[in-house]
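Worksheet for the structure shown next.
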Amino acid sequence: MQKLKMVMQMKNFSLVYIVREDILVPKIDNYHNYIYHNVIEGLQAIKLKPNVVFIDLGLTKVTGIDCLKMIRSNPLNHQIKIVVCSKKYNINLLKKAFEMGAD
């Protein structure tokens, strides 16, 4: 019974990726994977209450930091885990992301 309950929870697990178009995103089997190349659409997907959001810090029109700020500005989104990623290593940008609420 416990194993069945665990499987049911896994099927409801969802991931949202907000990334540039040139970024390849791994789709994870048995999870709901939502991939957005547009920040506005990605932010709308936050209403689905995903378990994890991946944000590309190299977003162009709206920066990844701004996207992170928008998500964390709503107290209802504080339980969502946010992972940031970047093509370039920039320690200052990473520090800022953690200060803004990245996990």
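FYI, nothing fancy with the structure tokens labels: chains A, B, ... in order, residues from 1 per chain, ligands from 1 as they appear.
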| said: Need the shell around range 48-64 of chain A: protein/DNA/RNA residues with any atom at most 8 Å away, counting only C-alpha atoms. Skip same-chain ones fewer than 2 positions apart. Format as a list in words? | reply: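 Here the qualifying residues turn out to be Phe13, Ser14, Leu15, Val16, Tyr17, Ile18, Val19, Arg20, Val39, Ala45, Ile46, Asp66, Cys67, Leu68, Asn77, Ile80, Lys81, Ile82, Val83, Val84, Cys85, Ser86 and Lys87 of chain A.
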| request: May I have all residues of chain A that DSSP, computed from the backbone, assigns to alpha helix (DSSP H), given as JSON, numbers by chain? | output: {"A": [2, 3, 4, 5, 6, 7, 8, 9, 10, 11, 39, 40, 41, 42, 43, 44, 45, 64, 65, 66, 67, 68, 69, 70, 71, 72, 91, 92, 93, 94, 95, 96, 97, 98, 99]}
The selected residues should be written to file as an mmCIF file, in the first residue's frame (atoms: C-alpha atoms).
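What follows is the written file out23.cif:
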data_model
loop_
_atom_site.group_PDB
_atom_site.id
_atom_site.type_symbol
_atom_site.label_atom_id
_atom_site.label_comp_id
_atom_site.auth_asym_id
_atom_site.auth_seq_id
_atom_site.Cartn_x
_atom_site.Cartn_y
_atom_site.Cartn_z
ATOM 1 C CA GLN A 2 2.819 2.415 0.910
ATOM 2 C CA LYS A 3 4.560 1.738 -2.409
ATOM 3 C CA LEU A 4 1.356 2.488 -4.338
ATOM 4 C CA LYS A 5 0.972 5.772 -2.476
ATOM 5 C CA MET A 6 4.548 6.702 -3.396
ATOM 6 C CA VAL A 7 3.949 5.943 -7.079
ATOM 7 C CA MET A 8 0.784 8.063 -7.056
ATOM 8 C CA GLN A 9 2.719 10.989 -5.604
ATOM 9 C CA MET A 10 5.438 10.633 -8.236
ATOM 10 C CA LYS A 11 2.904 10.810 -11.058
ATOM 11 C CA VAL A 39 8.986 34.018 -19.450
ATOM 12 C CA ILE A 40 5.361 35.185 -19.444
ATOM 13 C CA GLU A 41 4.084 31.700 -20.336
ATOM 14 C CA GLY A 42 6.472 30.169 -17.824
ATOM 15 C CA LEU A 43 5.220 32.442 -15.066
ATOM 16 C CA GLN A 44 1.648 31.482 -15.901
ATOM 17 C CA ALA A 45 2.643 27.830 -15.484
ATOM 18 C CA GLY A 64 16.469 34.991 -15.076
ATOM 19 C CA ILE A 65 16.959 37.056 -11.910
ATOM 20 C CA ASP A 66 13.831 39.099 -12.698
ATOM 21 C CA CYS A 67 11.898 35.889 -13.353
ATOM 22 C CA LEU A 68 13.081 34.538 -9.992
ATOM 23 C CA LYS A 69 12.032 37.785 -8.256
ATOM 24 C CA MET A 70 8.563 37.587 -9.804
ATOM 25 C CA ILE A 71 8.056 34.015 -8.619
ATOM 26 C CA ARG A 72 9.331 34.681 -5.094
ATOM 27 C CA ILE A 91 29.784 33.899 -9.046
ATOM 28 C CA ASN A 92 28.174 37.320 -8.482
ATOM 29 C CA LEU A 93 25.092 36.343 -10.499
ATOM 30 C CA LEU A 94 24.811 33.072 -8.575
ATOM 31 C CA LYS A 95 25.119 34.877 -5.227
ATOM 32 C CA LYS A 96 22.391 37.288 -6.304
ATOM 33 C CA ALA A 97 20.153 34.358 -7.331
ATOM 34 C CA PHE A 98 20.537 32.760 -3.898
ATOM 35 C CA GLU A 99 19.832 36.090 -2.213
#
Could you tell me, as a PDB file with all heavy atoms, in the first residue's frame, which residues of chain A DSSP assigns to strand (DSSP E) when given the backbone?
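This went into out38.pdb:
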ATOM      1  N   SER A  14       5.707  17.589 -10.861  1.00  0.00           N
ATOM      2  CA  SER A  14       5.859  18.348 -12.098  1.00  0.00           C
ATOM      3  C   SER A  14       7.075  19.262 -12.053  1.00  0.00           C
ATOM      4  O   SER A  14       7.464  19.769 -11.001  1.00  0.00           O
ATOM      5  CB  SER A  14       4.598  19.154 -12.393  1.00  0.00           C
ATOM      6  OG  SER A  14       4.351  20.068 -11.366  1.00  0.00           O
ATOM      7  N   LEU A  15       7.660  19.444 -13.217  1.00  0.00           N
ATOM      8  CA  LEU A  15       8.838  20.278 -13.398  1.00  0.00           C
ATOM      9  C   LEU A  15       8.521  21.349 -14.428  1.00  0.00           C
ATOM     10  O   LEU A  15       7.915  21.053 -15.462  1.00  0.00           O
ATOM     11  CB  LEU A  15      10.012  19.446 -13.911  1.00  0.00           C
ATOM     12  CG  LEU A  15      10.362  18.187 -13.132  1.00  0.00           C
ATOM     13  CD1 LEU A  15      11.374  17.357 -13.898  1.00  0.00           C
ATOM     14  CD2 LEU A  15      10.897  18.544 -11.766  1.00  0.00           C
ATOM     15  N   VAL A  16       8.914  22.575 -14.170  1.00  0.00           N
ATOM     16  CA  VAL A  16       8.751  23.659 -15.135  1.00  0.00           C
ATOM     17  C   VAL A  16      10.146  24.181 -15.469  1.00  0.00           C
ATOM     18  O   VAL A  16      10.946  24.464 -14.579  1.00  0.00           O
ATOM     19  CB  VAL A  16       7.871  24.805 -14.572  1.00  0.00           C
ATOM     20  CG1 VAL A  16       7.946  26.032 -15.459  1.00  0.00           C
ATOM     21  CG2 VAL A  16       6.442  24.345 -14.425  1.00  0.00           C
ATOM     22  N   TYR A  17      10.421  24.276 -16.759  1.00  0.00           N
ATOM     23  CA  TYR A  17      11.683  24.818 -17.239  1.00  0.00           C
ATOM     24  C   TYR A  17      11.390  26.137 -17.936  1.00  0.00           C
ATOM     25  O   TYR A  17      10.548  26.194 -18.825  1.00  0.00           O
ATOM     26  CB  TYR A  17      12.321  23.880 -18.259  1.00  0.00           C
ATOM     27  CG  TYR A  17      12.679  22.518 -17.721  1.00  0.00           C
ATOM     28  CD1 TYR A  17      11.762  21.476 -17.740  1.00  0.00           C
ATOM     29  CD2 TYR A  17      13.954  22.276 -17.215  1.00  0.00           C
ATOM     30  CE1 TYR A  17      12.090  20.220 -17.258  1.00  0.00           C
ATOM     31  CE2 TYR A  17      14.289  21.012 -16.730  1.00  0.00           C
ATOM     32  CZ  TYR A  17      13.358  19.996 -16.762  1.00  0.00           C
ATOM     33  OH  TYR A  17      13.677  18.757 -16.294  1.00  0.00           O
ATOM     34  N   ILE A  18      12.068  27.204 -17.547  1.00  0.00           N
ATOM     35  CA  ILE A  18      11.965  28.486 -18.232  1.00  0.00           C
ATOM     36  C   ILE A  18      13.371  28.779 -18.754  1.00  0.00           C
ATOM     37  O   ILE A  18      14.263  29.183 -17.997  1.00  0.00           O
ATOM     38  CB  ILE A  18      11.473  29.601 -17.282  1.00  0.00           C
ATOM     39  CG1 ILE A  18      10.140  29.200 -16.641  1.00  0.00           C
ATOM     40  CG2 ILE A  18      11.340  30.919 -18.043  1.00  0.00           C
ATOM     41  CD1 ILE A  18       9.636  30.154 -15.575  1.00  0.00           C
ATOM     42  N   HIS A  32       5.612  15.217 -15.001  1.00  0.00           N
ATOM     43  CA  HIS A  32       5.062  16.193 -15.936  1.00  0.00           C
ATOM     44  C   HIS A  32       6.159  17.225 -16.194  1.00  0.00           C
ATOM     45  O   HIS A  32       6.623  17.877 -15.270  1.00  0.00           O
ATOM     46  CB  HIS A  32       3.831  16.883 -15.352  1.00  0.00           C
ATOM     47  CG  HIS A  32       2.711  15.941 -15.058  1.00  0.00           C
ATOM     48  ND1 HIS A  32       1.903  15.413 -16.045  1.00  0.00           N
ATOM     49  CD2 HIS A  32       2.270  15.416 -13.891  1.00  0.00           C
ATOM     50  CE1 HIS A  32       1.014  14.615 -15.491  1.00  0.00           C
ATOM     51  NE2 HIS A  32       1.221  14.590 -14.180  1.00  0.00           N
ATOM     52  N   ASN A  33       6.585  17.326 -17.453  1.00  0.00           N
ATOM     53  CA  ASN A  33       7.626  18.265 -17.835  1.00  0.00           C
ATOM     54  C   ASN A  33       7.007  19.385 -18.655  1.00  0.00           C
ATOM     55  O   ASN A  33       6.410  19.124 -19.699  1.00  0.00           O
ATOM     56  CB  ASN A  33       8.686  17.562 -18.686  1.00  0.00           C
ATOM     57  CG  ASN A  33       9.420  16.498 -17.909  1.00  0.00           C
ATOM     58  OD1 ASN A  33      10.429  16.764 -17.301  1.00  0.00           O
ATOM     59  ND2 ASN A  33       8.896  15.282 -17.928  1.00  0.00           N
ATOM     60  N   TYR A  34       7.137  20.609 -18.205  1.00  0.00           N
ATOM     61  CA  TYR A  34       6.613  21.770 -18.922  1.00  0.00           C
ATOM     62  C   TYR A  34       7.790  22.653 -19.291  1.00  0.00           C
ATOM     63  O   TYR A  34       8.526  23.119 -18.413  1.00  0.00           O
ATOM     64  CB  TYR A  34       5.623  22.548 -18.054  1.00  0.00           C
ATOM     65  CG  TYR A  34       4.462  21.716 -17.579  1.00  0.00           C
ATOM     66  CD1 TYR A  34       4.486  21.118 -16.326  1.00  0.00           C
ATOM     67  CD2 TYR A  34       3.339  21.525 -18.387  1.00  0.00           C
ATOM     68  CE1 TYR A  34       3.412  20.343 -15.884  1.00  0.00           C
ATOM     69  CE2 TYR A  34       2.272  20.750 -17.951  1.00  0.00           C
ATOM     70  CZ  TYR A  34       2.319  20.167 -16.697  1.00  0.00           C
ATOM     71  OH  TYR A  34       1.266  19.413 -16.259  1.00  0.00           O
ATOM     72  N   ILE A  35       7.982  22.885 -20.585  1.00  0.00           N
ATOM     73  CA  ILE A  35       9.125  23.652 -21.064  1.00  0.00           C
ATOM     74  C   ILE A  35       8.622  24.932 -21.724  1.00  0.00           C
ATOM     75  O   ILE A  35       7.774  24.883 -22.620  1.00  0.00           O
ATOM     76  CB  ILE A  35       9.961  22.831 -22.060  1.00  0.00           C
ATOM     77  CG1 ILE A  35      10.419  21.534 -21.389  1.00  0.00           C
ATOM     78  CG2 ILE A  35      11.157  23.640 -22.560  1.00  0.00           C
ATOM     79  CD1 ILE A  35      10.992  20.510 -22.330  1.00  0.00           C
ATOM     80  N   TYR A  36       9.151  26.064 -21.257  1.00  0.00           N
ATOM     81  CA  TYR A  36       8.738  27.366 -21.789  1.00  0.00           C
ATOM     82  C   TYR A  36       9.967  28.156 -22.202  1.00  0.00           C
ATOM     83  O   TYR A  36      10.942  28.227 -21.459  1.00  0.00           O
ATOM     84  CB  TYR A  36       7.949  28.154 -20.732  1.00  0.00           C
ATOM     85  CG  TYR A  36       6.694  27.449 -20.323  1.00  0.00           C
ATOM     86  CD1 TYR A  36       6.670  26.625 -19.204  1.00  0.00           C
ATOM     87  CD2 TYR A  36       5.538  27.564 -21.084  1.00  0.00           C
ATOM     88  CE1 TYR A  36       5.524  25.942 -18.842  1.00  0.00           C
ATOM     89  CE2 TYR A  36       4.381  26.880 -20.724  1.00  0.00           C
ATOM     90  CZ  TYR A  36       4.391  26.078 -19.611  1.00  0.00           C
ATOM     91  OH  TYR A  36       3.258  25.398 -19.263  1.00  0.00           O
ATOM     92  N   VAL A  52       9.244  21.747  -8.847  1.00  0.00           N
ATOM     93  CA  VAL A  52      10.548  22.354  -9.118  1.00  0.00           C
ATOM     94  C   VAL A  52      10.452  23.225 -10.360  1.00  0.00           C
ATOM     95  O   VAL A  52       9.829  22.837 -11.347  1.00  0.00           O
ATOM     96  CB  VAL A  52      11.645  21.281  -9.328  1.00  0.00           C
ATOM     97  CG1 VAL A  52      13.006  21.915  -9.581  1.00  0.00           C
ATOM     98  CG2 VAL A  52      11.717  20.328  -8.154  1.00  0.00           C
ATOM     99  N   VAL A  53      11.101  24.394 -10.304  1.00  0.00           N
ATOM    100  CA  VAL A  53      11.201  25.278 -11.461  1.00  0.00           C
ATOM    101  C   VAL A  53      12.681  25.467 -11.757  1.00  0.00           C
ATOM    102  O   VAL A  53      13.469  25.764 -10.858  1.00  0.00           O
ATOM    103  CB  VAL A  53      10.548  26.656 -11.187  1.00  0.00           C
ATOM    104  CG1 VAL A  53      10.774  27.592 -12.363  1.00  0.00           C
ATOM    105  CG2 VAL A  53       9.070  26.503 -10.918  1.00  0.00           C
ATOM    106  N   PHE A  54      13.054  25.275 -13.014  1.00  0.00           N
ATOM    107  CA  PHE A  54      14.420  25.513 -13.466  1.00  0.00           C
ATOM    108  C   PHE A  54      14.408  26.823 -14.251  1.00  0.00           C
ATOM    109  O   PHE A  54      13.629  26.963 -15.192  1.00  0.00           O
ATOM    110  CB  PHE A  54      14.904  24.378 -14.377  1.00  0.00           C
ATOM    111  CG  PHE A  54      15.055  23.072 -13.666  1.00  0.00           C
ATOM    112  CD1 PHE A  54      13.978  22.203 -13.552  1.00  0.00           C
ATOM    113  CD2 PHE A  54      16.273  22.707 -13.111  1.00  0.00           C
ATOM    114  CE1 PHE A  54      14.108  20.989 -12.896  1.00  0.00           C
ATOM    115  CE2 PHE A  54      16.403  21.498 -12.455  1.00  0.00           C
ATOM    116  CZ  PHE A  54      15.321  20.637 -12.339  1.00  0.00           C
ATOM    117  N   ILE A  55      15.262  27.751 -13.875  1.00  0.00           N
ATOM    118  CA  ILE A  55      15.322  29.044 -14.553  1.00  0.00           C
ATOM    119  C   ILE A  55      16.718  29.243 -15.130  1.00  0.00           C
ATOM    120  O   ILE A  55      17.720  29.120 -14.425  1.00  0.00           O
ATOM    121  CB  ILE A  55      15.003  30.208 -13.597  1.00  0.00           C
ATOM    122  CG1 ILE A  55      13.613  30.056 -12.999  1.00  0.00           C
ATOM    123  CG2 ILE A  55      15.134  31.546 -14.332  1.00  0.00           C
ATOM    124  CD1 ILE A  55      13.288  31.094 -11.940  1.00  0.00           C
ATOM    125  N   ASP A  56      16.751  29.571 -16.406  1.00  0.00           N
ATOM    126  CA  ASP A  56      18.003  29.892 -17.085  1.00  0.00           C
ATOM    127  C   ASP A  56      18.352  31.345 -16.754  1.00  0.00           C
ATOM    128  O   ASP A  56      17.569  32.249 -17.049  1.00  0.00           O
ATOM    129  CB  ASP A  56      17.802  29.712 -18.586  1.00  0.00           C
ATOM    130  CG  ASP A  56      19.034  30.035 -19.399  1.00  0.00           C
ATOM    131  OD1 ASP A  56      20.094  30.334 -18.814  1.00  0.00           O
ATOM    132  OD2 ASP A  56      18.937  29.978 -20.636  1.00  0.00           O
ATOM    133  N   LYS A  81      10.505  24.712  -5.180  1.00  0.00           N
ATOM    134  CA  LYS A  81      11.967  24.699  -5.254  1.00  0.00           C
ATOM    135  C   LYS A  81      12.380  25.320  -6.583  1.00  0.00           C
ATOM    136  O   LYS A  81      11.826  24.980  -7.631  1.00  0.00           O
ATOM    137  CB  LYS A  81      12.520  23.271  -5.168  1.00  0.00           C
ATOM    138  CG  LYS A  81      12.223  22.600  -3.859  1.00  0.00           C
ATOM    139  CD  LYS A  81      12.930  23.301  -2.737  1.00  0.00           C
ATOM    140  CE  LYS A  81      12.634  22.650  -1.409  1.00  0.00           C
ATOM    141  NZ  LYS A  81      13.049  23.446  -0.295  1.00  0.00           N
ATOM    142  N   ILE A  82      13.342  26.234  -6.535  1.00  0.00           N
ATOM    143  CA  ILE A  82      13.808  26.889  -7.753  1.00  0.00           C
ATOM    144  C   ILE A  82      15.290  26.608  -7.929  1.00  0.00           C
ATOM    145  O   ILE A  82      16.104  26.887  -7.051  1.00  0.00           O
ATOM    146  CB  ILE A  82      13.555  28.408  -7.715  1.00  0.00           C
ATOM    147  CG1 ILE A  82      12.047  28.672  -7.623  1.00  0.00           C
ATOM    148  CG2 ILE A  82      14.158  29.070  -8.954  1.00  0.00           C
ATOM    149  CD1 ILE A  82      11.668  30.130  -7.568  1.00  0.00           C
ATOM    150  N   VAL A  83      15.610  26.056  -9.094  1.00  0.00           N
ATOM    151  CA  VAL A  83      16.987  25.746  -9.458  1.00  0.00           C
ATOM    152  C   VAL A  83      17.381  26.696 -10.578  1.00  0.00           C
ATOM    153  O   VAL A  83      16.645  26.839 -11.550  1.00  0.00           O
ATOM    154  CB  VAL A  83      17.118  24.282  -9.936  1.00  0.00           C
ATOM    155  CG1 VAL A  83      18.537  23.983 -10.375  1.00  0.00           C
ATOM    156  CG2 VAL A  83      16.661  23.319  -8.855  1.00  0.00           C
ATOM    157  N   VAL A  84      18.507  27.354 -10.427  1.00  0.00           N
ATOM    158  CA  VAL A  84      18.982  28.245 -11.481  1.00  0.00           C
ATOM    159  C   VAL A  84      20.126  27.570 -12.221  1.00  0.00           C
ATOM    160  O   VAL A  84      20.877  26.778 -11.653  1.00  0.00           O
ATOM    161  CB  VAL A  84      19.425  29.617 -10.923  1.00  0.00           C
ATOM    162  CG1 VAL A  84      18.245  30.376 -10.349  1.00  0.00           C
ATOM    163  CG2 VAL A  84      20.515  29.479  -9.885  1.00  0.00           C
ATOM    164  N   CYS A  85      20.220  27.887 -13.495  1.00  0.00           N
ATOM    165  CA  CYS A  85      21.301  27.335 -14.301  1.00  0.00           C
ATOM    166  C   CYS A  85      21.808  28.424 -15.236  1.00  0.00           C
ATOM    167  O   CYS A  85      21.097  29.374 -15.552  1.00  0.00           O
ATOM    168  CB  CYS A  85      20.838  26.110 -15.076  1.00  0.00           C
ATOM    169  SG  CYS A  85      19.399  26.397 -16.113  1.00  0.00           S
TER     170      CYS A  85
END
| message | I'd like the interatomic distance between CA of Pro26 in chain A and CA of His78 in chain A, to a tenth of an Å. | response |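 Going from CA of Pro26 in chain A over to CA of His78 in chain A, I get 24.6 Å.
Comparing the minimum interatomic distances between Asn74 in chain A and each of A:Lys47, A:Ala102, A:Glu21, A:Tyr89, counting only C-alpha atoms, we find that A:Lys47 sits nearest.
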